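Undergrad: Input structure: query-v9.cif, which contains mmCIF, C-alpha atoms and all ligand atoms; chains and numbers go by the auth columns.
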data_start
#
loop_
_atom_site.group_PDB
_atom_site.id
_atom_site.type_symbol
_atom_site.label_atom_id
_atom_site.label_comp_id
_atom_site.label_asym_id
_atom_site.label_seq_id
_atom_site.Cartn_x
_atom_site.Cartn_y
_atom_site.Cartn_z
_atom_site.B_iso_or_equiv
_atom_site.auth_seq_id
_atom_site.auth_asym_id
ATOM 1 C CA ARG A 1 -263.120 105.721 81.297 0.00 1 A
ATOM 2 C CA THR A 2 -260.721 107.174 78.776 0.00 2 A
ATOM 3 C CA ILE A 3 -259.398 110.656 79.350 0.00 3 A
ATOM 4 C CA LEU A 4 -257.398 112.678 76.831 0.00 4 A
ATOM 5 C CA VAL A 5 -255.090 115.444 78.082 0.00 5 A
ATOM 6 C CA LEU A 6 -254.020 118.045 75.504 0.00 6 A
ATOM 7 C CA HIS A 7 -251.316 120.650 75.985 0.00 7 A
ATOM 8 C CA GLY A 8 -250.835 123.556 73.599 0.00 8 A
ATOM 9 C CA PRO A 9 -247.778 125.453 72.370 0.00 9 A
ATOM 10 C CA ASN A 10 -244.681 126.082 74.493 0.00 10 A
ATOM 11 C CA LEU A 11 -245.852 123.801 77.289 0.00 11 A
ATOM 12 C CA ASN A 12 -243.052 121.422 76.245 0.00 12 A
ATOM 13 C CA LEU A 13 -240.782 124.024 77.876 0.00 13 A
ATOM 14 C CA LEU A 14 -242.381 123.741 81.319 0.00 14 A
ATOM 15 C CA GLY A 15 -239.872 123.702 84.142 0.00 15 A
ATOM 16 C CA VAL A 16 -237.575 125.994 82.166 0.00 16 A
ATOM 17 C CA ARG A 17 -240.071 128.543 80.930 0.00 17 A
ATOM 18 C CA GLU A 18 -240.985 131.484 83.244 0.00 18 A
ATOM 19 C CA PRO A 19 -241.203 129.371 86.430 0.00 19 A
ATOM 20 C CA GLU A 20 -242.730 132.363 88.264 0.00 20 A
ATOM 21 C CA HIS A 21 -245.832 131.877 86.109 0.00 21 A
ATOM 22 C CA TYR A 22 -245.733 128.197 85.297 0.00 22 A
ATOM 23 C CA GLY A 23 -243.932 126.423 88.167 0.00 23 A
ATOM 24 C CA SER A 24 -240.915 124.158 88.215 0.00 24 A
ATOM 25 C CA GLN A 25 -242.468 120.837 87.203 0.00 25 A
ATOM 26 C CA THR A 26 -241.785 119.616 83.688 0.00 26 A
ATOM 27 C CA LEU A 27 -244.565 118.510 81.382 0.00 27 A
ATOM 28 C CA GLU A 28 -243.267 114.961 81.737 0.00 28 A
ATOM 29 C CA ASP A 29 -243.679 115.200 85.524 0.00 29 A
ATOM 30 C CA ILE A 30 -247.246 116.448 85.119 0.00 30 A
ATOM 31 C CA ASP A 31 -248.203 113.828 82.538 0.00 31 A
ATOM 32 C CA ARG A 32 -246.604 110.972 84.474 0.00 32 A
ATOM 33 C CA ASN A 33 -248.513 111.956 87.603 0.00 33 A
ATOM 34 C CA LEU A 34 -251.838 112.161 85.727 0.00 34 A
ATOM 35 C CA VAL A 35 -251.327 108.739 84.123 0.00 35 A
ATOM 36 C CA LYS A 36 -250.471 107.290 87.535 0.00 36 A
ATOM 37 C CA LEU A 37 -253.562 108.797 89.182 0.00 37 A
ATOM 38 C CA ALA A 38 -255.906 107.634 86.414 0.00 38 A
ATOM 39 C CA THR A 39 -254.539 104.114 86.051 0.00 39 A
ATOM 40 C CA ALA A 40 -254.513 103.586 89.844 0.00 40 A
ATOM 41 C CA GLN A 41 -258.275 104.090 89.677 0.00 41 A
ATOM 42 C CA GLY A 42 -258.728 101.770 86.690 0.00 42 A
ATOM 43 C CA HIS A 43 -259.006 104.393 83.962 0.00 43 A
ATOM 44 C CA ARG A 44 -257.021 105.156 80.843 0.00 44 A
ATOM 45 C CA LEU A 45 -255.320 108.463 80.224 0.00 45 A
ATOM 46 C CA THR A 46 -253.330 109.577 77.216 0.00 46 A
ATOM 47 C CA THR A 47 -251.567 112.883 76.702 0.00 47 A
ATOM 48 C CA LEU A 48 -250.401 114.957 73.750 0.00 48 A
ATOM 49 C CA GLN A 49 -248.480 118.210 73.593 0.00 49 A
ATOM 50 C CA SER A 50 -248.149 120.052 70.318 0.00 50 A
ATOM 51 C CA ASN A 51 -246.947 123.414 69.143 0.00 51 A
ATOM 52 C CA ALA A 52 -249.018 122.997 65.985 0.00 52 A
ATOM 53 C CA GLU A 53 -252.691 123.919 65.880 0.00 53 A
ATOM 54 C CA HIS A 54 -253.575 121.370 63.190 0.00 54 A
ATOM 55 C CA VAL A 55 -252.063 118.506 65.218 0.00 55 A
ATOM 56 C CA LEU A 56 -254.308 119.375 68.162 0.00 56 A
ATOM 57 C CA VAL A 57 -257.339 119.795 65.878 0.00 57 A
ATOM 58 C CA GLU A 58 -256.711 116.385 64.326 0.00 58 A
ATOM 59 C CA ARG A 59 -256.201 114.724 67.714 0.00 59 A
ATOM 60 C CA ILE A 60 -259.567 116.112 68.823 0.00 60 A
ATOM 61 C CA HIS A 61 -261.165 114.701 65.657 0.00 61 A
ATOM 62 C CA ALA A 62 -259.612 111.296 66.378 0.00 62 A
ATOM 63 C CA ALA A 63 -261.056 111.423 69.898 0.00 63 A
ATOM 64 C CA MET A 64 -264.508 111.119 68.341 0.00 64 A
ATOM 65 C CA SER A 65 -263.835 107.504 67.403 0.00 65 A
ATOM 66 C CA ASP A 66 -261.210 106.257 69.870 0.00 66 A
ATOM 67 C CA GLY A 67 -263.414 105.998 72.942 0.00 67 A
ATOM 68 C CA THR A 68 -262.397 109.271 74.582 0.00 68 A
ATOM 69 C CA ASP A 69 -264.984 110.196 77.212 0.00 69 A
ATOM 70 C CA PHE A 70 -263.523 113.441 78.443 0.00 70 A
ATOM 71 C CA ILE A 71 -260.858 115.957 77.420 0.00 71 A
ATOM 72 C CA ILE A 72 -258.664 118.069 79.686 0.00 72 A
ATOM 73 C CA ILE A 73 -257.057 120.838 77.645 0.00 73 A
ATOM 74 C CA ASN A 74 -254.587 123.606 78.330 0.00 74 A
ATOM 75 C CA PRO A 75 -254.744 125.382 74.963 0.00 75 A
ATOM 76 C CA ALA A 76 -251.878 127.685 76.103 0.00 76 A
ATOM 77 C CA ALA A 77 -251.533 130.645 73.707 0.00 77 A
ATOM 78 C CA PHE A 78 -254.223 129.124 71.456 0.00 78 A
ATOM 79 C CA THR A 79 -256.645 129.940 74.291 0.00 79 A
ATOM 80 C CA HIS A 80 -256.640 133.513 73.094 0.00 80 A
ATOM 81 C CA THR A 81 -256.484 132.942 69.341 0.00 81 A
ATOM 82 C CA SER A 82 -257.927 129.673 68.118 0.00 82 A
ATOM 83 C CA VAL A 83 -261.417 129.519 66.686 0.00 83 A
ATOM 84 C CA ALA A 84 -260.271 126.314 64.935 0.00 84 A
ATOM 85 C CA LEU A 85 -259.613 124.455 68.204 0.00 85 A
ATOM 86 C CA ARG A 86 -262.847 125.728 69.694 0.00 86 A
ATOM 87 C CA ASP A 87 -264.772 124.526 66.645 0.00 87 A
ATOM 88 C CA ALA A 88 -263.095 121.105 66.835 0.00 88 A
ATOM 89 C CA LEU A 89 -264.221 120.680 70.458 0.00 89 A
ATOM 90 C CA SER A 90 -267.748 121.779 69.565 0.00 90 A
ATOM 91 C CA ALA A 91 -267.799 119.387 66.626 0.00 91 A
ATOM 92 C CA VAL A 92 -266.871 116.262 68.572 0.00 92 A
ATOM 93 C CA ARG A 93 -269.200 117.086 71.490 0.00 93 A
ATOM 94 C CA ILE A 94 -266.835 115.551 74.042 0.00 94 A
ATOM 95 C CA PRO A 95 -267.067 117.337 77.398 0.00 95 A
ATOM 96 C CA PHE A 96 -263.917 119.148 78.423 0.00 96 A
ATOM 97 C CA VAL A 97 -262.321 121.172 81.199 0.00 97 A
ATOM 98 C CA GLU A 98 -259.992 124.079 80.353 0.00 98 A
ATOM 99 C CA VAL A 99 -256.869 124.286 82.517 0.00 99 A
ATOM 100 C CA HIS A 100 -254.312 127.053 82.904 0.00 100 A
ATOM 101 C CA LEU A 101 -251.321 126.856 85.193 0.00 101 A
ATOM 102 C CA SER A 102 -251.278 130.604 85.741 0.00 102 A
ATOM 103 C CA ASN A 103 -254.172 132.845 86.685 0.00 103 A
ATOM 104 C CA ILE A 104 -254.896 134.284 83.251 0.00 104 A
ATOM 105 C CA HIS A 105 -257.075 136.977 84.862 0.00 105 A
ATOM 106 C CA ALA A 106 -254.173 138.389 86.855 0.00 106 A
ATOM 107 C CA ARG A 107 -251.860 138.932 83.881 0.00 107 A
ATOM 108 C CA GLU A 108 -251.917 140.930 80.657 0.00 108 A
ATOM 109 C CA PRO A 109 -255.410 141.939 79.504 0.00 109 A
ATOM 110 C CA PHE A 110 -255.110 139.913 76.274 0.00 110 A
ATOM 111 C CA ARG A 111 -255.017 136.716 78.348 0.00 111 A
ATOM 112 C CA ARG A 112 -258.428 137.382 79.892 0.00 112 A
ATOM 113 C CA HIS A 113 -260.338 136.326 76.826 0.00 113 A
ATOM 114 C CA SER A 114 -260.635 132.624 76.104 0.00 114 A
ATOM 115 C CA TYR A 115 -262.242 131.068 73.038 0.00 115 A
ATOM 116 C CA PHE A 116 -262.977 127.984 75.174 0.00 116 A
ATOM 117 C CA SER A 117 -264.421 128.991 78.524 0.00 117 A
ATOM 118 C CA ASP A 118 -268.050 129.432 77.460 0.00 118 A
ATOM 119 C CA ILE A 119 -268.245 125.943 75.961 0.00 119 A
ATOM 120 C CA ALA A 120 -266.142 124.201 78.663 0.00 120 A
ATOM 121 C CA GLU A 121 -267.689 122.226 81.518 0.00 121 A
ATOM 122 C CA GLY A 122 -265.480 124.348 83.723 0.00 122 A
ATOM 123 C CA VAL A 123 -262.218 126.240 83.935 0.00 123 A
ATOM 124 C CA VAL A 124 -259.314 125.874 86.378 0.00 124 A
ATOM 125 C CA ALA A 125 -256.743 128.670 86.357 0.00 125 A
ATOM 126 C CA GLY A 126 -253.966 129.801 88.649 0.00 126 A
ATOM 127 C CA LEU A 127 -253.476 126.612 90.661 0.00 127 A
ATOM 128 C CA GLY A 128 -250.377 125.414 88.825 0.00 128 A
ATOM 129 C CA ALA A 129 -249.993 121.720 88.066 0.00 129 A
ATOM 130 C CA HIS A 130 -252.531 120.943 90.783 0.00 130 A
ATOM 131 C CA GLY A 131 -255.180 122.307 88.418 0.00 131 A
ATOM 132 C CA TYR A 132 -254.718 119.299 86.130 0.00 132 A
ATOM 133 C CA GLU A 133 -255.295 116.941 89.079 0.00 133 A
ATOM 134 C CA LEU A 134 -258.503 118.771 89.978 0.00 134 A
ATOM 135 C CA ALA A 135 -259.681 118.575 86.386 0.00 135 A
ATOM 136 C CA LEU A 136 -258.886 114.855 86.333 0.00 136 A
ATOM 137 C CA ALA A 137 -260.836 114.249 89.551 0.00 137 A
ATOM 138 C CA TYR A 138 -263.796 115.997 87.950 0.00 138 A
ATOM 139 C CA ALA A 139 -263.428 114.055 84.701 0.00 139 A
ATOM 140 C CA LEU A 140 -263.365 110.716 86.516 0.00 140 A
ATOM 141 C CA ALA A 141 -266.419 111.628 88.569 0.00 141 A
ATOM 142 C CA HIS A 142 -268.464 113.190 85.795 0.00 142 A
ATOM 143 C CA SER A 143 -267.525 111.872 82.366 0.00 143 A
ATOM 144 C CA PRO A 144 -270.186 109.719 80.714 0.00 144 A
ATOM 145 C CA ALA A 145 -269.313 106.066 81.377 0.00 145 A
ATOM 146 C CA HIS A 146 -267.880 104.669 78.176 0.00 146 A
ATOM 147 C CA GLN A 147 -267.179 101.179 79.410 0.00 147 A
HETATM 148 C C1 LIG B . -251.344 129.256 79.907 0.00 201 A
HETATM 149 C C2 LIG B . -251.713 130.746 79.873 0.00 201 A
HETATM 150 C C3 LIG B . -251.636 131.306 78.454 0.00 201 A
HETATM 151 O O1 LIG B . -251.994 132.688 78.444 0.00 201 A
HETATM 152 C C4 LIG B . -250.233 131.173 77.917 0.00 201 A
HETATM 153 O O2 LIG B . -250.181 131.610 76.571 0.00 201 A
HETATM 154 C C5 LIG B . -249.679 129.799 78.054 0.00 201 A
HETATM 155 C C6 LIG B . -249.992 129.011 79.253 0.00 201 A
HETATM 156 C C7 LIG B . -251.248 128.712 81.339 0.00 201 A
HETATM 157 O O3 LIG B . -251.232 127.488 81.506 0.00 201 A
HETATM 158 O O4 LIG B . -251.193 129.487 82.303 0.00 201 A
HETATM 159 O O5 LIG B . -248.899 129.353 77.227 0.00 201 A
HETATM 160 O O6 LIG B . -252.350 128.525 79.223 0.00 201 A
#
Can you give me the file's structure in the form of structure tokens?
TA:
Amino acid sequence: RTILVLHGPNLNLLGVREPEHYGSQTLEDIDRNLVKLATAQGHRLTTLQSNAEHVLVERIHAAMSDGTDFIIINPAAFTHTSVALRDALSAVRIPFVEVHLSNIHAREPFRRHSYFSDIAEGVVAGLGAHGYELALAYALAHSPAHQ
């Protein structure tokens, strides 16, 4: 199977940025671990972080024709703002899990609304980097077999 992991804006600063909310691991640490876990089980996993909405939208479009079976996405601040990213995920019809490092329900009220949760297979929030591993385990068990 081929899994695509997408990270939204400011997640390139992980490890430095508000560690009380987001932990001490860097995005590189998280991505490296996910690639290792997926490849050890015979799957492919690619990752992309972008601070630009259109880059994420276009990567989702490309996923329609590059064999991607499942998407794991932390839309970061776009969670609360982006109809465009939501529409891209609806358009490509690739199942996805929404991940947040922090518990978005235990923070400012504006973080409680997500443009993604109602169309996601599921949502993991508040479990730090471990949340990505849980989403990956789900993706490997439940994504439609592509190959
Ligand atoms: C986040 C939560 C968002 O509210 C925030 O804007 C982020 C990260 C998280 O992983 O906890 O950038 O998605």
Undergrad: Name every residue that the PyMOL selection byres (((chain A and resi 22) around 12) and not hetatm) selects in this structure, writing the answer as a PyMOL selection string with chains first and numbers rising.
TA: chain A and resi 10-21+23-27+30+76+100-104+125-131
Undergrad: For Asp66 of chain A, which of A:Gln41, A:Thr2, A:Gln49, A:Ser82 is the closest residue, counting only C-alpha atoms?
TA: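 Going through A:Gln41, A:Thr2, A:Gln49, A:Ser82 one by one, the smallest distance to Asp66 of chain A is for A:Thr2.
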Undergrad: Translate the PyMOL selection byres (((chain A and resi 3) around 9) and not hetatm) into a concrete residue list for this structure, as a PyMOL selection string.
TA: chain A and resi 1-2+4-5+38+43-47+67-72+136+139-140+143
Undergrad: Find the residue from A:Ala141, A:Leu89, A:Tyr132, A:Leu37 that sits nearest to Arg59 of chain A; use all atoms listed in the file when measuring.
TA: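 When distances to Arg59 of chain A are compared using all atoms listed in the file, the smallest one comes from A:Leu89.
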Undergrad: For the file shown, report as an MDAnalysis selection string the outcome of the PyMOL selection byres (((chain A and resi 93) around 12) and not hetatm) at residue level.
TA: chainID A and resid 60:61 63:65 68:71 86:92 94:96 119:121 144
Undergrad: Would you compute an axis-aligned box for ligand LIG 201 (chain A), covering every atom listed for it in the file with 5 Å of margin on each side, and report centre and edge lengths in Å to one decimal as lines of an AutoDock Vina configuration file?
TA:
center_x = -250.6
center_y = 130.1
center_z = 79.4
size_x = 13.5
size_y = 15.2
size_z = 15.7
Undergrad: Could you check the closest approach to Glu108 of chain A for each of A:Val57, A:Gly8, A:His80, A:Val124 and tell me which residue wins, using only C-alpha atoms?
TA: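 When distances to Glu108 of chain A are compared using only C-alpha atoms, the smallest one comes from A:His80.
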Undergrad: Work out how far atom CA of Asp29 of chain A is from atom CA of Ser117 of chain A, in Å to one decimal.
TA: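 Separation of atom CA of Ser117 of chain A and atom CA of Asp29 of chain A: 25.9 Å.
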Undergrad: Work out how far atom C3 of ligand LIG 201 (chain A) is from atom CA of Arg111 of chain A, in Å to one decimal.
TA: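 Separating atom CA of Arg111 of chain A from atom C3 of ligand LIG 201 (chain A) is a distance of 6.4 Å.
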Undergrad: For a quick check of understanding, using all atoms listed in the file, which of A:Ala106, A:Leu134, A:Leu56, A:Leu85 has the smallest distance to ligand LIG 201 (chain A)?
TA: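 Using all atoms listed in the file, the shortest distance to ligand LIG 201 (chain A) belongs to A:Ala106.
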Undergrad: One decimal, in Å: what's the spacing between atom CA of Arg112 of chain A and atom CA of Ala62 of chain A?
TA: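 For atom CA of Arg112 of chain A relative to atom CA of Ala62 of chain A, the distance reads 29.4 Å.
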Undergrad: Find the residue from A:Val99, A:Ala52, A:Ala40, A:Leu6 that sits nearest to ligand LIG 201 (chain A); use all atoms listed in the file when measuring.
TA: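 When distances to ligand LIG 201 (chain A) are compared using all atoms listed in the file, the smallest one comes from A:Val99.
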Undergrad: Which is closest to ligand LIG 201 (chain A) among A:Val123, A:Ala84, A:Val35, A:Val55, if we use all atoms listed in the file?
TA: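 Of A:Val123, A:Ala84, A:Val35, A:Val55, the one nearest ligand LIG 201 (chain A) is A:Val123, counting all atoms listed in the file.
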Undergrad: Starting from the sparse input, extend segment 32-59 of chain A to N, CA and C atoms and give the output as an mmCIF file, keeping the file's coordinate frame.
TA:
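Result file is part_14.cif:
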data_model
loop_
_atom_site.group_PDB
_atom_site.id
_atom_site.type_symbol
_atom_site.label_atom_id
_atom_site.label_comp_id
_atom_site.auth_asym_id
_atom_site.auth_seq_id
_atom_site.Cartn_x
_atom_site.Cartn_y
_atom_site.Cartn_z
ATOM 1 N N ARG A 32 -246.853 112.241 83.780
ATOM 2 C CA ARG A 32 -246.604 110.972 84.474
ATOM 3 C C ARG A 32 -247.519 110.849 85.693
ATOM 4 N N ASN A 33 -247.648 111.938 86.418
ATOM 5 C CA ASN A 33 -248.513 111.956 87.603
ATOM 6 C C ASN A 33 -249.977 111.714 87.229
ATOM 7 N N LEU A 34 -250.431 112.331 86.135
ATOM 8 C CA LEU A 34 -251.838 112.161 85.727
ATOM 9 C C LEU A 34 -252.110 110.725 85.296
ATOM 10 N N VAL A 35 -251.163 110.146 84.555
ATOM 11 C CA VAL A 35 -251.327 108.739 84.123
ATOM 12 C C VAL A 35 -251.391 107.838 85.351
ATOM 13 N N LYS A 36 -250.509 108.102 86.313
ATOM 14 C CA LYS A 36 -250.471 107.290 87.535
ATOM 15 C C LYS A 36 -251.801 107.388 88.297
ATOM 16 N N LEU A 37 -252.308 108.599 88.447
ATOM 17 C CA LEU A 37 -253.562 108.797 89.182
ATOM 18 C C LEU A 37 -254.725 108.098 88.482
ATOM 19 N N ALA A 38 -254.783 108.227 87.154
ATOM 20 C CA ALA A 38 -255.906 107.634 86.414
ATOM 21 C C ALA A 38 -255.824 106.112 86.420
ATOM 22 N N THR A 39 -254.653 105.576 86.147
ATOM 23 C CA THR A 39 -254.539 104.114 86.051
ATOM 24 C C THR A 39 -254.745 103.463 87.424
ATOM 25 N N ALA A 40 -254.308 104.139 88.494
ATOM 26 C CA ALA A 40 -254.513 103.586 89.844
ATOM 27 C C ALA A 40 -256.001 103.411 90.137
ATOM 28 N N GLN A 41 -256.825 104.192 89.455
ATOM 29 C CA GLN A 41 -258.275 104.090 89.677
ATOM 30 C C GLN A 41 -258.958 103.308 88.556
ATOM 31 N N GLY A 42 -258.160 102.649 87.714
ATOM 32 C CA GLY A 42 -258.728 101.770 86.690
ATOM 33 C C GLY A 42 -259.167 102.468 85.414
ATOM 34 N N HIS A 43 -258.640 103.654 85.169
ATOM 35 C CA HIS A 43 -259.006 104.393 83.962
ATOM 36 C C HIS A 43 -257.811 104.494 83.029
ATOM 37 N N ARG A 44 -258.105 104.957 81.805
ATOM 38 C CA ARG A 44 -257.021 105.156 80.843
ATOM 39 C C ARG A 44 -256.835 106.640 80.601
ATOM 40 N N LEU A 45 -255.587 107.047 80.477
ATOM 41 C CA LEU A 45 -255.320 108.463 80.224
ATOM 42 C C LEU A 45 -254.168 108.579 79.238
ATOM 43 N N THR A 46 -254.402 109.327 78.167
ATOM 44 C CA THR A 46 -253.330 109.577 77.216
ATOM 45 C C THR A 46 -253.123 111.088 77.110
ATOM 46 N N THR A 47 -251.903 111.464 76.748
ATOM 47 C CA THR A 47 -251.567 112.883 76.702
ATOM 48 C C THR A 47 -250.920 113.217 75.352
ATOM 49 N N LEU A 48 -251.091 114.465 74.948
ATOM 50 C CA LEU A 48 -250.401 114.957 73.750
ATOM 51 C C LEU A 48 -250.089 116.439 73.932
ATOM 52 N N GLN A 49 -248.852 116.791 73.676
ATOM 53 C CA GLN A 49 -248.480 118.210 73.593
ATOM 54 C C GLN A 49 -248.129 118.504 72.152
ATOM 55 N N SER A 50 -248.606 119.640 71.647
ATOM 56 C CA SER A 50 -248.149 120.052 70.318
ATOM 57 C C SER A 50 -248.049 121.558 70.233
ATOM 58 N N ASN A 51 -247.085 121.993 69.442
ATOM 59 C CA ASN A 51 -246.947 123.414 69.143
ATOM 60 C C ASN A 51 -247.729 123.788 67.889
ATOM 61 N N ALA A 52 -248.341 122.788 67.262
ATOM 62 C CA ALA A 52 -249.018 122.997 65.985
ATOM 63 C C ALA A 52 -250.538 122.870 66.143
ATOM 64 N N GLU A 53 -251.229 123.891 65.739
ATOM 65 C CA GLU A 53 -252.691 123.919 65.880
ATOM 66 C C GLU A 53 -253.347 122.736 65.171
ATOM 67 N N HIS A 54 -252.883 122.422 63.941
ATOM 68 C CA HIS A 54 -253.575 121.370 63.190
ATOM 69 C C HIS A 54 -253.405 120.002 63.839
ATOM 70 N N VAL A 55 -252.282 119.799 64.537
ATOM 71 C CA VAL A 55 -252.063 118.506 65.218
ATOM 72 C C VAL A 55 -253.086 118.351 66.350
ATOM 73 N N LEU A 56 -253.322 119.418 67.077
ATOM 74 C CA LEU A 56 -254.308 119.375 68.162
ATOM 75 C C LEU A 56 -255.712 119.209 67.603
ATOM 76 N N VAL A 57 -256.017 119.924 66.518
ATOM 77 C CA VAL A 57 -257.339 119.795 65.878
ATOM 78 C C VAL A 57 -257.563 118.346 65.444
ATOM 79 N N GLU A 58 -256.549 117.756 64.821
ATOM 80 C CA GLU A 58 -256.711 116.385 64.326
ATOM 81 C C GLU A 58 -256.791 115.374 65.461
ATOM 82 N N ARG A 59 -256.099 115.644 66.556
ATOM 83 C CA ARG A 59 -256.201 114.724 67.714
ATOM 84 C C ARG A 59 -257.606 114.786 68.316
#
